[in-house]
$ cat upload.txt   # compact mmCIF, C-alpha atoms
# COMPACT_ATOMS: atom_id res chain seq x y z
CA MET A 706 -63.81 -12.46 16.81
CA LEU A 707 -65.35 -9.08 17.58
CA HIS A 708 -64.48 -7.03 20.63
CA GLU A 709 -66.15 -3.84 21.75
CA ILE A 710 -63.43 -1.58 23.09
CA SER A 711 -63.62 1.80 24.79
CA LEU A 712 -60.67 4.11 24.58
CA THR A 713 -59.80 7.78 24.77
CA ILE A 714 -58.14 9.32 21.73
CA ASN A 715 -56.87 12.90 21.93
CA GLY A 716 -59.17 13.55 24.85
CA GLU A 717 -62.31 12.15 23.25
CA ALA A 718 -64.06 8.95 24.30
CA TYR A 719 -64.62 6.32 21.63
CA THR A 720 -66.39 2.98 21.68
CA VAL A 721 -65.63 0.86 18.67
CA ALA A 722 -66.07 -2.71 17.49
CA VAL A 723 -62.77 -4.26 16.46
CA ARG A 724 -61.59 -7.68 15.34
CA SER A 725 -59.02 -9.73 17.27
CA HIS A 726 -56.48 -9.62 14.49
CA GLN A 727 -56.63 -5.92 13.69
CA THR A 728 -53.92 -3.63 14.93
CA LEU A 729 -54.44 -0.30 16.67
CA LEU A 730 -52.94 1.34 13.57
CA GLN A 731 -55.61 -0.18 11.35
CA VAL A 732 -58.40 0.86 13.71
CA LEU A 733 -57.12 4.43 13.98
CA ARG A 734 -56.68 4.91 10.23
CA ASP A 735 -59.33 2.74 8.62
CA GLN A 736 -62.16 2.84 11.13
CA LEU A 737 -61.75 6.14 12.89
CA GLY A 738 -60.21 8.32 10.16
CA ILE A 739 -57.29 9.27 12.38
CA THR A 740 -54.69 9.12 9.66
CA SER A 741 -51.63 10.87 11.07
CA PRO A 742 -50.09 7.55 12.21
CA LYS A 743 -48.73 6.03 9.02
CA ARG A 744 -48.19 2.53 7.65
CA GLY A 745 -44.42 2.40 7.13
CA CYS A 746 -42.90 -1.01 7.78
CA GLU A 747 -45.67 -2.48 9.94
CA ASN A 748 -42.89 -4.33 11.72
CA GLY A 749 -41.95 -2.01 14.56
CA GLU A 750 -38.79 -0.68 12.95
CA CYS A 751 -39.60 2.65 11.25
CA GLY A 752 -41.76 4.42 13.81
CA ALA A 753 -44.09 6.05 11.26
CA CYS A 754 -47.01 4.60 13.23
CA THR A 755 -45.86 5.93 16.62
CA VAL A 756 -48.65 7.04 18.96
CA LEU A 757 -48.66 7.63 22.69
CA MET A 758 -50.46 4.89 24.59
CA ASP A 759 -50.98 5.73 28.25
CA GLY A 760 -48.25 8.34 27.86
CA LEU A 761 -45.65 6.03 26.31
CA PRO A 762 -44.57 6.01 22.66
CA VAL A 763 -45.43 2.69 21.02
CA ASN A 764 -45.63 1.33 17.49
CA SER A 765 -49.37 1.16 16.89
CA CYS A 766 -48.71 -1.45 14.18
CA LEU A 767 -47.69 -3.85 16.95
CA VAL A 768 -50.63 -3.27 19.29
CA LEU A 769 -53.52 -5.66 18.76
CA ALA A 770 -56.78 -3.73 18.65
CA PRO A 771 -58.41 -5.50 21.64
CA GLU A 772 -55.36 -4.57 23.74
CA ALA A 773 -56.27 -0.90 23.34
CA ASP A 774 -59.39 -1.32 25.47
CA GLY A 775 -59.21 1.24 28.26
CA ALA A 776 -56.18 2.98 26.79
CA VAL A 777 -55.50 6.69 26.52
CA ILE A 778 -54.15 7.35 23.04
CA GLU A 779 -52.56 10.55 21.73
CA THR A 780 -51.78 11.21 18.08
CA ALA A 781 -50.46 14.23 16.21
CA GLU A 782 -54.04 15.35 15.58
CA GLY A 783 -54.28 16.10 19.28
CA LEU A 784 -51.15 18.21 19.55
CA SER A 785 -52.61 21.52 18.50
CA LYS A 786 -55.10 23.14 20.85
CA GLU A 787 -57.86 25.46 19.55
CA GLY A 788 -56.03 26.09 16.31
CA GLU A 789 -52.75 26.88 18.04
CA LEU A 790 -49.85 24.63 17.02
CA HIS A 791 -47.93 22.78 19.74
CA PRO A 792 -44.43 24.20 20.32
CA LEU A 793 -43.01 21.06 18.70
CA GLN A 794 -45.11 21.57 15.59
CA LYS A 795 -44.11 25.23 15.40
CA ALA A 796 -40.47 24.34 15.80
CA PHE A 797 -40.67 21.68 13.05
CA VAL A 798 -42.14 24.30 10.72
CA GLU A 799 -39.62 27.00 11.66
CA HIS A 800 -36.65 24.67 11.33
CA ASN A 801 -37.76 23.10 8.02
CA ALA A 802 -37.79 19.72 9.73
CA VAL A 803 -40.46 18.41 7.35
CA GLN A 804 -39.89 17.34 3.74
CA CYS A 805 -42.25 14.62 2.59
CA GLY A 806 -43.85 14.60 6.02
CA PHE A 807 -44.33 10.83 6.24
CA CYS A 808 -42.15 10.38 9.33
CA THR A 809 -43.32 13.60 10.92
CA PRO A 810 -46.31 12.46 12.99
CA GLY A 811 -44.21 9.65 14.48
CA MET A 812 -41.32 12.03 15.12
CA LEU A 813 -43.64 14.50 16.84
CA MET A 814 -45.12 11.86 19.13
CA SER A 815 -41.71 10.42 20.05
CA ALA A 816 -40.47 13.95 20.69
CA LYS A 817 -43.48 14.83 22.83
CA ALA A 818 -42.97 11.71 24.91
CA LEU A 819 -39.30 12.58 25.35
CA LEU A 820 -40.04 16.14 26.51
CA ASP A 821 -42.76 14.85 28.84
CA ARG A 822 -40.25 12.70 30.71
CA ASN A 823 -37.09 14.77 30.11
CA PRO A 824 -37.91 18.45 29.54
CA HIS A 825 -34.36 19.47 28.65
CA PRO A 826 -32.75 16.61 26.77
CA SER A 827 -29.23 16.72 25.43
CA GLU A 828 -28.62 16.12 21.74
CA VAL A 829 -27.56 12.54 22.55
CA GLU A 830 -30.76 11.96 24.49
CA ILE A 831 -32.82 13.30 21.58
CA ARG A 832 -31.02 11.02 19.15
CA GLU A 833 -31.56 8.03 21.46
CA ALA A 834 -35.25 8.81 21.77
CA LEU A 835 -35.57 8.90 17.97
CA VAL A 836 -33.75 5.62 17.26
CA GLY A 837 -37.07 4.06 16.36
CA ASN A 838 -38.17 6.85 13.99
CA LEU A 839 -36.61 6.66 10.54
CA CYS A 840 -36.52 9.58 8.10
CA ARG A 841 -35.47 9.17 4.47
CA CYS A 842 -35.57 12.84 3.55
CA THR A 843 -34.13 15.25 6.05
CA GLY A 844 -30.98 13.64 7.43
CA TYR A 845 -32.41 14.19 10.93
CA LEU A 846 -30.40 17.31 11.82
CA ARG A 847 -33.25 19.80 11.48
CA ILE A 848 -35.57 17.47 13.35
CA ILE A 849 -33.11 17.36 16.24
CA GLU A 850 -32.67 21.15 16.16
CA ALA A 851 -36.43 21.62 16.14
CA ILE A 852 -36.79 19.43 19.22
CA GLU A 853 -33.98 21.25 21.00
CA ASP A 854 -35.69 24.54 20.22
CA ALA A 855 -39.09 23.27 21.38
CA SER A 856 -37.58 21.97 24.61
CA GLU A 857 -36.78 25.56 25.49
CA GLN A 858 -40.40 26.59 24.88
CA VAL A 859 -42.32 23.76 26.53
CA MET B 1381 -52.82 -10.88 9.20
CA GLN B 1382 -54.55 -14.23 9.18
CA PRO B 1383 -57.58 -13.97 11.49
CA PHE B 1384 -57.46 -15.39 15.00
CA ASN B 1385 -59.43 -15.11 18.22
CA TYR B 1386 -57.94 -13.08 21.06
CA TYR B 1387 -58.52 -13.93 24.71
CA ARG B 1388 -57.28 -12.17 27.82
CA PRO B 1389 -57.65 -14.63 30.72
CA LYS B 1390 -57.50 -13.50 34.34
CA SER B 1391 -56.47 -16.90 35.70
CA PHE B 1392 -53.83 -19.42 34.75
CA GLU B 1393 -56.49 -22.15 34.58
CA GLU B 1394 -58.36 -20.22 31.93
CA ALA B 1395 -55.13 -19.52 30.06
CA PHE B 1396 -54.21 -23.21 29.99
CA GLN B 1397 -57.67 -24.10 28.71
CA TRP B 1398 -57.20 -21.84 25.71
CA LEU B 1399 -53.57 -22.83 25.14
CA THR B 1400 -54.33 -26.55 25.09
CA LYS B 1401 -57.57 -26.43 23.11
CA SER B 1402 -57.50 -29.43 20.80
CA ASP B 1403 -57.61 -28.88 17.05
CA HIS B 1404 -56.43 -25.33 17.49
CA ILE B 1405 -53.07 -23.62 17.28
CA ALA B 1406 -52.83 -21.35 20.31
CA VAL B 1407 -49.95 -19.07 21.27
CA PRO B 1408 -49.47 -16.73 24.21
CA VAL B 1409 -48.84 -13.03 23.57
CA ALA B 1410 -47.21 -10.43 25.77
CA GLY B 1411 -45.74 -7.40 23.97
CA ALA B 1412 -46.57 -8.73 20.49
CA THR B 1413 -43.36 -7.17 19.16
CA ASP B 1414 -42.15 -10.57 17.94
CA LEU B 1415 -45.55 -12.21 17.46
CA ILE B 1416 -47.00 -9.75 14.95
CA PRO B 1417 -43.90 -9.63 12.68
CA GLN B 1418 -43.75 -13.45 12.81
CA MET B 1419 -47.40 -13.68 11.85
CA ARG B 1420 -46.91 -11.21 8.99
CA ASP B 1421 -43.96 -13.31 7.79
CA GLY B 1422 -46.02 -16.46 7.90
CA VAL B 1423 -43.75 -18.04 10.52
CA LEU B 1424 -46.67 -18.37 12.93
CA GLY B 1425 -50.30 -18.92 12.06
CA PRO B 1426 -52.25 -19.37 15.28
CA ASP B 1427 -56.00 -19.26 15.38
CA ILE B 1428 -56.03 -18.50 19.11
CA VAL B 1429 -53.91 -15.78 20.76
CA VAL B 1430 -53.87 -15.71 24.56
CA ASP B 1431 -52.88 -12.40 26.14
CA ILE B 1432 -51.04 -13.33 29.33
CA LYS B 1433 -50.52 -9.80 30.66
CA ALA B 1434 -53.51 -9.88 33.02
CA LEU B 1435 -52.45 -13.10 34.76
CA PRO B 1436 -51.44 -12.85 38.43
CA GLY B 1437 -47.87 -11.78 39.01
CA MET B 1438 -47.05 -11.19 35.35
CA ARG B 1439 -46.37 -7.49 35.83
CA GLU B 1440 -44.57 -7.78 39.15
CA LEU B 1441 -41.10 -6.34 39.69
CA ARG B 1442 -39.88 -6.57 43.26
CA VAL B 1443 -37.26 -7.99 45.59
CA VAL B 1444 -38.24 -11.15 47.41
CA ASP B 1445 -36.53 -13.04 50.19
CA SER B 1446 -38.01 -16.33 49.12
CA ALA B 1447 -39.98 -17.43 46.10
CA PRO B 1448 -40.41 -20.46 43.92
CA CYS B 1449 -37.18 -20.81 41.93
CA CYS B 1450 -35.29 -18.66 44.42
CA LEU B 1451 -32.58 -20.33 46.48
CA ASP B 1452 -33.41 -20.23 50.19
CA GLY B 1453 -31.69 -17.42 51.98
CA THR B 1454 -30.90 -15.48 48.80
CA GLN B 1455 -32.55 -12.22 47.99
CA CYS B 1456 -33.89 -12.35 44.46
CA LEU B 1457 -35.40 -10.00 41.95
CA SER B 1458 -38.77 -11.43 41.03
CA VAL B 1459 -39.62 -10.31 37.50
CA GLY B 1460 -42.99 -11.16 36.02
CA ALA B 1461 -42.84 -12.35 32.42
CA ALA B 1462 -44.84 -9.35 31.21
CA VAL B 1463 -42.51 -6.74 32.68
CA ARG B 1464 -41.45 -4.46 29.83
CA MET B 1465 -37.88 -3.86 28.71
CA ASN B 1466 -38.09 -0.12 29.42
CA GLU B 1467 -39.41 -0.85 32.91
CA LEU B 1468 -36.28 -2.92 33.57
CA ALA B 1469 -34.00 -0.37 31.92
CA ARG B 1470 -35.36 2.54 33.95
CA SER B 1471 -36.13 0.91 37.29
CA GLU B 1472 -33.96 2.33 40.08
CA LEU B 1473 -34.24 -1.03 41.81
CA VAL B 1474 -32.85 -2.92 38.82
CA LYS B 1475 -30.23 -0.29 37.98
CA SER B 1476 -28.82 -0.37 41.50
CA GLY B 1477 -28.96 -4.07 42.30
CA TRP B 1478 -28.96 -5.85 38.94
CA SER B 1479 -27.31 -3.24 36.72
CA LEU B 1480 -26.29 -5.78 34.07
CA LEU B 1481 -29.94 -6.50 33.40
CA ALA B 1482 -30.82 -2.81 33.18
CA MET B 1483 -27.96 -2.24 30.70
CA ALA B 1484 -29.01 -5.19 28.58
CA ALA B 1485 -32.69 -4.21 28.54
CA ALA B 1486 -31.79 -0.65 27.52
CA SER B 1487 -29.86 -1.94 24.51
CA MET B 1488 -32.82 -3.73 22.99
CA GLY B 1489 -34.71 -2.41 20.00
CA ASN B 1490 -35.88 1.16 20.25
CA GLU B 1491 -37.97 3.26 22.62
CA GLN B 1492 -41.30 2.27 21.07
CA VAL B 1493 -40.49 -1.44 21.06
CA ARG B 1494 -39.07 -1.34 24.61
CA ASN B 1495 -42.33 0.15 25.87
CA ARG B 1496 -44.15 -3.01 24.77
CA ALA B 1497 -41.60 -5.83 24.52
CA THR B 1498 -41.36 -8.00 27.61
CA ILE B 1499 -38.56 -9.97 29.27
CA GLY B 1500 -40.68 -13.13 29.04
CA GLY B 1501 -41.20 -12.63 25.34
CA ASN B 1502 -37.51 -11.96 24.82
CA ILE B 1503 -36.52 -15.33 26.30
CA CYS B 1504 -39.44 -17.25 24.79
CA THR B 1505 -38.57 -16.07 21.27
CA ALA B 1506 -35.14 -17.43 22.24
CA SER B 1507 -33.14 -15.74 19.54
CA PRO B 1508 -29.46 -16.57 20.09
CA ALA B 1509 -29.00 -12.78 19.94
CA ALA B 1510 -31.65 -12.07 22.61
CA ASP B 1511 -30.48 -8.88 24.27
CA SER B 1512 -31.44 -9.85 27.79
CA ALA B 1513 -29.82 -13.28 27.60
CA PRO B 1514 -26.12 -12.62 28.30
CA ALA B 1515 -27.12 -10.64 31.39
CA LEU B 1516 -29.53 -13.36 32.54
CA TYR B 1517 -26.89 -16.03 31.99
CA ALA B 1518 -24.25 -14.05 33.92
CA LEU B 1519 -26.74 -13.44 36.74
CA ASP B 1520 -27.75 -17.14 36.92
CA ALA B 1521 -31.41 -16.32 36.47
CA MET B 1522 -34.04 -18.99 37.07
CA VAL B 1523 -37.16 -19.24 34.92
CA LEU B 1524 -40.50 -19.99 36.58
CA ILE B 1525 -42.69 -22.00 34.24
CA LYS B 1526 -46.36 -22.69 34.92
CA GLY B 1527 -48.18 -25.45 33.12
CA PRO B 1528 -51.53 -27.21 33.10
CA SER B 1529 -50.21 -30.04 35.26
CA MET B 1530 -47.35 -28.51 37.23
CA ASP B 1531 -45.02 -25.59 37.87
CA ARG B 1532 -41.28 -25.95 37.44
CA CYS B 1533 -38.05 -23.96 37.71
CA VAL B 1534 -35.48 -24.05 34.93
CA PRO B 1535 -32.06 -22.37 34.97
CA ILE B 1536 -31.83 -19.85 32.15
CA ALA B 1537 -29.02 -21.82 30.53
CA ALA B 1538 -31.40 -24.77 30.15
CA PHE B 1539 -34.28 -22.62 28.92
CA PHE B 1540 -32.67 -21.75 25.59
CA THR B 1541 -32.46 -25.08 23.77
CA GLY B 1542 -31.51 -24.02 20.25
CA PRO B 1543 -31.94 -21.17 17.79
CA LYS B 1544 -35.43 -19.80 18.49
CA ARG B 1545 -36.22 -22.86 20.57
CA ASN B 1546 -37.05 -22.91 24.25
CA ALA B 1547 -37.76 -25.51 26.90
CA LEU B 1548 -41.50 -24.89 27.13
CA GLN B 1549 -43.78 -27.90 26.75
CA PRO B 1550 -47.18 -27.53 25.05
CA GLY B 1551 -49.50 -25.41 27.15
CA GLU B 1552 -46.77 -24.03 29.40
CA ILE B 1553 -46.21 -20.33 30.03
CA VAL B 1554 -43.23 -18.50 31.46
CA ALA B 1555 -44.60 -16.84 34.58
CA GLY B 1556 -41.46 -14.95 35.47
CA LEU B 1557 -37.80 -14.93 36.36
CA CYS B 1558 -36.06 -15.11 39.69
CA ILE B 1559 -32.65 -13.45 39.66
CA PRO B 1560 -30.38 -13.73 42.71
CA ARG B 1561 -28.98 -10.46 43.95
CA PRO B 1562 -25.25 -10.17 43.16
CA PRO B 1563 -23.09 -9.17 46.12
CA GLU B 1564 -22.72 -5.46 46.79
CA GLU B 1565 -19.11 -5.49 45.56
CA ALA B 1566 -19.94 -7.11 42.23
CA VAL B 1567 -19.08 -5.09 39.16
CA SER B 1568 -20.43 -5.65 35.68
CA HIS B 1569 -20.40 -4.43 32.09
CA PHE B 1570 -22.38 -5.15 28.96
CA GLU B 1571 -21.18 -4.65 25.39
CA LYS B 1572 -23.27 -4.98 22.28
CA LEU B 1573 -21.93 -4.71 18.74
CA SER B 1574 -24.38 -4.08 15.94
CA ARG B 1575 -24.42 -2.52 12.48
CA ARG B 1576 -26.18 0.59 13.79
CA LYS B 1577 -25.24 2.32 17.03
CA ALA B 1578 -28.69 1.45 18.34
CA GLY B 1579 -31.93 -0.08 17.19
CA ASP B 1580 -30.42 -3.20 15.69
CA LEU B 1581 -29.97 -6.88 16.50
CA SER B 1582 -26.57 -7.73 17.90
CA ILE B 1583 -23.66 -9.14 15.95
CA VAL B 1584 -21.94 -10.04 19.21
CA SER B 1585 -22.93 -9.24 22.76
CA VAL B 1586 -20.98 -9.82 25.97
CA ALA B 1587 -21.93 -9.57 29.63
CA VAL B 1588 -19.14 -9.70 32.20
CA MET B 1589 -19.44 -9.66 35.97
CA ALA B 1590 -16.70 -9.84 38.59
CA LEU B 1591 -17.62 -10.93 42.10
CA PRO B 1592 -14.90 -10.18 44.65
CA LEU B 1593 -15.05 -12.83 47.38
CA GLY B 1594 -12.40 -12.22 50.00
CA ASN B 1595 -9.04 -12.94 48.39
CA ALA B 1596 -10.39 -14.39 45.19
CA THR B 1597 -12.62 -13.03 42.45
CA ALA B 1598 -15.20 -15.10 40.62
CA TRP B 1599 -16.02 -14.17 37.06
CA ARG B 1600 -19.11 -14.62 34.92
CA ILE B 1601 -18.79 -14.12 31.18
CA ALA B 1602 -21.78 -14.69 28.90
CA LEU B 1603 -21.91 -14.30 25.14
CA GLY B 1604 -24.80 -13.67 22.80
CA ALA B 1605 -25.28 -14.07 19.06
CA VAL B 1606 -22.26 -16.35 18.68
CA GLY B 1607 -23.82 -19.77 19.00
CA PRO B 1608 -27.12 -21.58 18.64
CA THR B 1609 -27.96 -20.31 22.13
CA PRO B 1610 -26.39 -17.71 24.40
CA ILE B 1611 -23.47 -19.26 26.28
CA ARG B 1612 -21.26 -18.91 29.33
CA ALA B 1613 -17.58 -18.71 28.47
CA LEU B 1614 -16.55 -21.07 31.27
CA GLU B 1615 -12.96 -21.43 30.14
CA SER B 1616 -12.52 -17.65 30.06
CA GLU B 1617 -14.07 -17.42 33.51
CA GLY B 1618 -11.60 -20.02 34.77
CA ILE B 1619 -8.59 -18.18 33.35
CA LEU B 1620 -9.53 -14.90 35.01
CA SER B 1621 -10.37 -16.50 38.34
CA GLN B 1622 -6.69 -17.45 38.57
CA GLY B 1623 -5.75 -13.80 38.40
CA TRP B 1624 -5.34 -11.29 35.63
CA ASP B 1625 -2.67 -9.42 33.77
CA ASP B 1626 -2.43 -8.34 30.15
CA GLU B 1627 -1.45 -11.82 29.05
CA SER B 1628 -4.22 -13.69 30.84
CA ILE B 1629 -6.82 -11.12 29.77
CA ASP B 1630 -5.82 -11.74 26.17
CA ARG B 1631 -5.96 -15.48 26.76
CA ALA B 1632 -9.40 -15.19 28.34
CA ALA B 1633 -10.66 -13.11 25.41
CA ALA B 1634 -9.21 -15.55 22.88
CA SER B 1635 -10.74 -18.44 24.75
CA ALA B 1636 -14.16 -16.77 24.51
CA TYR B 1637 -13.93 -17.25 20.77
CA GLY B 1638 -12.93 -20.86 21.24
CA CYS B 1639 -15.94 -21.77 23.33
CA CYS B 1640 -18.56 -20.72 20.88
CA CYS B 1641 -19.52 -21.48 17.29
CA PRO B 1642 -20.45 -18.29 15.50
CA ILE B 1643 -21.87 -18.28 12.00
CA GLY B 1644 -21.90 -15.81 9.16
CA ASP B 1645 -25.32 -14.31 8.59
CA ILE B 1646 -27.03 -11.20 7.28
CA ARG B 1647 -25.60 -9.10 10.10
CA SER B 1648 -21.98 -10.18 9.91
CA GLY B 1649 -19.59 -12.43 8.04
CA LEU B 1650 -18.09 -15.29 9.99
CA GLU B 1651 -14.52 -13.95 10.22
CA TYR B 1652 -15.65 -10.56 11.48
CA ARG B 1653 -17.83 -12.11 14.14
CA GLN B 1654 -15.02 -14.39 15.27
CA ALA B 1655 -12.66 -11.45 15.55
CA MET B 1656 -15.22 -9.26 17.30
CA VAL B 1657 -16.11 -11.78 19.99
CA VAL B 1658 -12.47 -11.61 21.10
CA ASN B 1659 -12.36 -7.80 21.00
CA LEU B 1660 -15.66 -7.29 22.77
CA THR B 1661 -14.80 -9.79 25.48
CA ARG B 1662 -11.48 -8.07 26.09
CA ARG B 1663 -13.17 -4.68 26.13
CA ALA B 1664 -15.82 -5.83 28.59
CA ILE B 1665 -13.24 -7.48 30.88
CA ARG B 1666 -11.16 -4.28 30.93
CA ALA B 1667 -14.27 -2.20 31.61
CA VAL B 1668 -15.06 -4.39 34.61
CA LEU B 1669 -11.46 -4.25 35.85
CA ALA B 1670 -11.56 -0.46 35.63
CA GLN B 1671 -14.46 -0.49 38.10
CA LEU B 1672 -12.86 -2.83 40.62
CA PRO B 1673 -11.13 -1.16 43.54
CA ALA B 1674 -7.40 -1.09 42.88
CA THR B 1675 -5.73 -4.00 44.60
CA ALA B 1676 -2.64 -3.30 46.64

$ encode --input "upload.txt" --output "structure tokens"
Amino acid sequence: MLHEISLTINGEAYTVAVRSHQTLLQVLRDQLGITSPKRGCENGECGACTVLMDGLPVNSCLVLAPEADGAVIETAEGLSKEGELHPLQKAFVEHNAVQCGFCTPGMLMSAKALLDRNPHPSEVEIREALVGNLCRCTGYLRIIEAIEDASEQV
Amino acid sequence: MQPFNYYRPKSFEEAFQWLTKSDHIAVPVAGATDLIPQMRDGVLGPDIVVDIKALPGMRELRVVDSAPCCLDGTQCLSVGAAVRMNELARSELVKSGWSLLAMAAASMGNEQVRNRATIGGNICTASPAADSAPALYALDAMVLIKGPSMDRCVPIAAFFTGPKRNALQPGEIVAGLCIPRPPEEAVSHFEKLSRRKAGDLSIVSVAVMALPLGNATAWRIALGAVGPTPIRALESEGILSQGWDDESIDRAAASAYGCCCPIGDIRSGLEYRQAMVVNLTRRAIRAVLAQLPATA
């Protein structure tokens, strides 16, 4: 069944026809070319598909497309403003917190959501916020350091 | 995923129409955090999915003095079925008055899942390891069920009927939960053992609450992931209500193992689980005792 949904993505208004059984992840990547959210496990365990939906980090692989009607979505594409990287992005670069980069968009969105609700998180709070974002490359330490660093800038 | 049609009714009548449509397989959806993985695994193959989040009362979280399923004269927390786990975990109301539920909700899944997963979905999936269940059992929660022909109230212990089986009849929806307020002096603790420190299903979980009542103390001990459903460790509760010292605490913990029937599975071998249910129960009892005012 087709649904026409209207949603805001990174500040821009979209109206798009989606099918009942598509997920928000599929719509973002396959229909709208917004490819920073990644297909990892598609089961809500790895966090590679993490986007902010109405300010909250969610697994876009577990959101049915029609549910996104009226939602405000933020992805990593929306983090930089006018060519200037977000403090989180800068910190990830400076701290070498990116290797293959597959987990990175999800990590950035989870981190942004954390700093939005807790501007100065402890290391434990950062780790807890990232429980749902798996990384196979970095061992997490530089990601955590990058977020700590960014929390001092934001 | 196999195609289906998605509907988002605004009224229960409309919801029941879709859920009972003949020659169709219809399921309700709330957070979709269990539904979508189950559909990908081929466990469920509905052709109609009914989003219940827009139904009246489904997103409600407030204290009520009387409600269906609430005992007269008791203040209850009325929780709509579509209230999210992070909403419960972070609500000042829940943390102050029903802290066991807040602790249990916070232990579930991960941040992203908790922002979508709902308490109604958690009990409807009815995993024996459901994270909210030991808390709901210890708090004597009541489940409000709405159906095409009638509404009914079911105690939480009767709602879980077997592994991944619940008491819903065809067409019925869980509308919410009614959880009596524990007395001010009540003290509680929740323990969850899993392979990872967080973000994993439980191997064993324990919820313990002590309710000081004058000279005596009543105890509630509920266990998760160690039986076909969550259970109350009634024998352990009885032992502690007689009084406690090191010996009776050990007996109560040992009896917790005796009252349930754990299995070995992908998360834990049988012997480990049996040993851990004793340890976790003892740990939770001691954590509760540490919060009780010292008795003379």

$ interface_residues --input "upload.txt" --of "chain B" --to "chain A" --cutoff "8 Å" --atoms "only C-alpha atoms" --output "list in words"
Met1381, Gln1382, Pro1383, Phe1384, Asn1385, Tyr1386, Gly1411, Ala1412, Thr1413, Ile1416, Pro1417, Gly1489, Asn1490, Glu1491, Gln1492, Val1493, Asn1495, Arg1496, Ala1578 and Gly1579 of chain B

$ write_last_selection --input "upload.txt" --atoms "C-alpha atoms" --output "mmCIF file, in the frame of the given file"
data_model
loop_
_atom_site.group_PDB
_atom_site.id
_atom_site.type_symbol
_atom_site.label_atom_id
_atom_site.label_comp_id
_atom_site.auth_asym_id
_atom_site.auth_seq_id
_atom_site.Cartn_x
_atom_site.Cartn_y
_atom_site.Cartn_z
ATOM 1 C CA MET B 1381 -52.820 -10.880 9.200
ATOM 2 C CA GLN B 1382 -54.550 -14.230 9.180
ATOM 3 C CA PRO B 1383 -57.580 -13.970 11.490
ATOM 4 C CA PHE B 1384 -57.460 -15.390 15.000
ATOM 5 C CA ASN B 1385 -59.430 -15.110 18.220
ATOM 6 C CA TYR B 1386 -57.940 -13.080 21.060
ATOM 7 C CA GLY B 1411 -45.740 -7.400 23.970
ATOM 8 C CA ALA B 1412 -46.570 -8.730 20.490
ATOM 9 C CA THR B 1413 -43.360 -7.170 19.160
ATOM 10 C CA ILE B 1416 -47.000 -9.750 14.950
ATOM 11 C CA PRO B 1417 -43.900 -9.630 12.680
ATOM 12 C CA GLY B 1489 -34.710 -2.410 20.000
ATOM 13 C CA ASN B 1490 -35.880 1.160 20.250
ATOM 14 C CA GLU B 1491 -37.970 3.260 22.620
ATOM 15 C CA GLN B 1492 -41.300 2.270 21.070
ATOM 16 C CA VAL B 1493 -40.490 -1.440 21.060
ATOM 17 C CA ASN B 1495 -42.330 0.150 25.870
ATOM 18 C CA ARG B 1496 -44.150 -3.010 24.770
ATOM 19 C CA ALA B 1578 -28.690 1.450 18.340
ATOM 20 C CA GLY B 1579 -31.930 -0.080 17.190
#

$ closest_residue --input "upload.txt" --among "B:Arg1420, B:Lys1526, B:Arg1612, B:Arg1545" --to "Thr1661 (chain B)" --atoms "all atoms listed in the file"
B:Arg1612

$ atom_distance --input "upload.txt" --atom1 "CA of Ala1664 (chain B)" --atom2 "CA of Trp1624 (chain B)"
13.8 Å

$ residues_around --input "upload.txt" --residues "Ala1596 (chain B)" --least-positions-apart "2" --cutoff "9 Å" --atoms "all atoms listed in the file" --output "list in words"
Leu1591, Pro1592, Leu1593, Gly1594, Ala1598, Ser1621, Gln1622 and Gly1623 of chain B

$ residues_near_point --input "upload.txt" --point "(-50.0, -18.7, 31.8)" --cutoff "10 Å" --atoms "all atoms listed in the file" --output "MDAnalysis selection string"
chainID B and resid 1389:1399 1408 1430:1436 1438 1461 1525:1528 1551:1555

$ residues_around --input "upload.txt" --residues "Lys743 (chain A)" --least-positions-apart "3" --cutoff "9 Å" --atoms "all atoms listed in the file" --output "mmCIF file with C-alpha atoms, keeping the file's coordinate frame"
data_model
loop_
_atom_site.group_PDB
_atom_site.id
_atom_site.type_symbol
_atom_site.label_atom_id
_atom_site.label_comp_id
_atom_site.auth_asym_id
_atom_site.auth_seq_id
_atom_site.Cartn_x
_atom_site.Cartn_y
_atom_site.Cartn_z
ATOM 1 C CA LEU A 730 -52.940 1.340 13.570
ATOM 2 C CA ARG A 734 -56.680 4.910 10.230
ATOM 3 C CA THR A 740 -54.690 9.120 9.660
ATOM 4 C CA GLY A 752 -41.760 4.420 13.810
ATOM 5 C CA ALA A 753 -44.090 6.050 11.260
ATOM 6 C CA CYS A 754 -47.010 4.600 13.230
ATOM 7 C CA THR A 755 -45.860 5.930 16.620
ATOM 8 C CA PHE A 807 -44.330 10.830 6.240
ATOM 9 C CA CYS A 808 -42.150 10.380 9.330
ATOM 10 C CA PRO A 810 -46.310 12.460 12.990
ATOM 11 C CA GLY A 811 -44.210 9.650 14.480
#

$ closest_residue --input "upload.txt" --among "B:Ala1538, B:Met1530, B:Leu1614, B:Leu1548" --to "Ala1602 (chain B)" --atoms "all atoms listed in the file"
B:Leu1614

$ residues_near_point --input "upload.txt" --point "(-25.5, -16.7, 36.6)" --cutoff "12 Å" --atoms "only C-alpha atoms" --output "PyMOL selection string"
chain B and resi 1478+1480-1481+1513-1522+1535-1538+1558-1562+1587-1591+1598-1602+1611-1614+1617

$ residues_around --input "upload.txt" --residues "Glu709 (chain A)" --least-positions-apart "6" --cutoff "9 Å" --atoms "all atoms listed in the file" --output "PyMOL selection string"
chain A and resi 720-724+771+774

$ atom_distance --input "upload.txt" --atom1 "CA of Tyr1652 (chain B)" --atom2 "CA of Val1423 (chain B)"
29.1 Å
